[in-house]
Amino acid sequence: MPTAAPSAASRIAVVTGASSGIGAATARQLAGAGYRVVLTARRKDRIEALAEEINAAGHAATAYQLDVTDRAAVDEFATAFQSIGVLVNNAGGALGADPVATGDPADWRTMYETNVIGTLNLTQALLPKLEASGDGTVVVLSSTAGHGTYEGGGGYVAAKHGAHVLAETLRLEIVGRPVRVIEVAPGMVRTDEFALTRFGGDETRAAKVYEGVAEPLTADDVADTITWAVTRPSHVNIDLLVVRPRAQASNTKVHRDL
């Protein structure tokens, strides 16, 4: 099936958390698919550099510094658009790997605010703009953590379950309106920052996540999946796409060559 080119009315794609990893890779690939991408993240220098890179490659990108958990800032951001075609809710992340009994409530709160409330903020603010395009798409980047549990992942698992339920409920509530809701749930993805951030900059602990796994997913793998789902014909909705590396059968079953 051929890739559907974005229409003039729906060619703007907003990508949150675009300063690195999956967000940055998704912005590059959507730009290559013909979208004018709007890059949002807290790190202004990163998204400005990425916008320059994308524009230099002959595509179109703009950068907008944004904290998705700041509702007033999100609402102000939304006023810049009459309509948009795509919202990729990518901003999120994990903090810590402590058991429920000793997990830091502050870490749990931060993960919930970013992964769930941040997604809610952007979706609520931009849903009228998506509908105005006549052909809108909301992407929620959840995780296999949103579909299964594992020891030491309670806070992140709870947050990603929240993101999954948000997407599932939204799809039910807006059926019949010209907006699709796509959930992409990656498994083990090796990026420059995810595990490092989770373990507070501890490079040894971060490296052990991927130890013995020859080919975990990359940010480009997930971006390719998102872009494929977004560029399906308008009547095709990829409700849920779970993507793992071949070496990973579940959250707790991973083949490692040690």
# chains A, B, ... in the order shown; residues from 1 in each chain; ligands from 1

$ select_by_dssp --residues "stretch 9-129 of chain A" --states "strand (DSSP E)" --output "list in words"
Ile12, Ala13, Val14, Val15, Arg36, Val37, Val38, Leu39, Thr40, Ala41, Ala60, Ala61, Thr62, Ala63, Tyr64, Gln65, Val86, Leu87, Val88 and Asn89 of chain A

$ write_last_selection --atoms "C-alpha atoms" --output "mmCIF file, in the first residue's frame"
data_model
loop_
_atom_site.group_PDB
_atom_site.id
_atom_site.type_symbol
_atom_site.label_atom_id
_atom_site.label_comp_id
_atom_site.auth_asym_id
_atom_site.auth_seq_id
_atom_site.Cartn_x
_atom_site.Cartn_y
_atom_site.Cartn_z
ATOM 1 C CA ILE A 12 1.599 20.351 10.202
ATOM 2 C CA ALA A 13 2.897 17.780 12.698
ATOM 3 C CA VAL A 14 3.622 18.694 16.315
ATOM 4 C CA VAL A 15 6.147 16.427 18.041
ATOM 5 C CA ARG A 36 6.073 20.755 8.382
ATOM 6 C CA VAL A 37 7.186 19.685 11.810
ATOM 7 C CA VAL A 38 6.872 21.754 14.967
ATOM 8 C CA LEU A 39 9.454 20.619 17.498
ATOM 9 C CA THR A 40 8.664 21.090 21.166
ATOM 10 C CA ALA A 41 10.793 20.314 24.227
ATOM 11 C CA ALA A 60 10.378 22.457 7.021
ATOM 12 C CA ALA A 61 10.683 22.703 10.788
ATOM 13 C CA THR A 62 10.204 25.219 13.568
ATOM 14 C CA ALA A 63 11.215 24.969 17.222
ATOM 15 C CA TYR A 64 9.084 25.970 20.209
ATOM 16 C CA GLN A 65 10.336 25.632 23.766
ATOM 17 C CA VAL A 86 -0.678 15.339 13.507
ATOM 18 C CA LEU A 87 0.148 15.436 17.200
ATOM 19 C CA VAL A 88 2.826 13.022 18.378
ATOM 20 C CA ASN A 89 2.705 12.786 22.175
#

$ closest_residue --among "A:Ile54, A:Ile182, A:Met188, A:Ala101" --to "A:Trp228" --atoms "only C-alpha atoms"
A:Ile182

$ closest_residue --among "A:Thr16, A:Thr123, A:Thr169, A:Thr197" --to "A:Asp67" --atoms "only C-alpha atoms"
A:Thr16

$ residues_around --residues "stretch 209-221 of chain A" --least-positions-apart "4" --cutoff "10 Å" --atoms "only C-alpha atoms" --output "PyMOL selection string"
chain A and resi 20-26+28-29+186-192+195-196+204-205+225-226+243-248+254-258

$ atom_distance --atom1 "atom CA of A:Val175" --atom2 "atom CA of A:Ala132"
15.2 Å

$ atom_distance --atom1 "atom CA of A:Asp135" --atom2 "atom CA of A:Asp75"
21.5 Å

$ atom_distance --atom1 "atom CA of A:Gly136" --atom2 "atom CA of A:Ile84"
7.0 Å

$ select_by_dssp --residues "stretch 137-221 of chain A" --states "alpha helix (DSSP H)" --output "PyMOL selection string"
chain A and resi 154-173+194-198+203-209+219-221

$ residues_around --residues "A:Leu240" --least-positions-apart "6" --cutoff "12 Å" --atoms "only C-alpha atoms" --output "list in words"
Val139, Val140, Leu141, Ser142, Ser143, Thr144, Gly146, His147, His164, Val165, Ala167, Glu168, Arg171, Arg180, Val181, Ile182, Glu183, Val184, Ala185, Pro186, Thr225, Ile226 and Ala229 of chain A
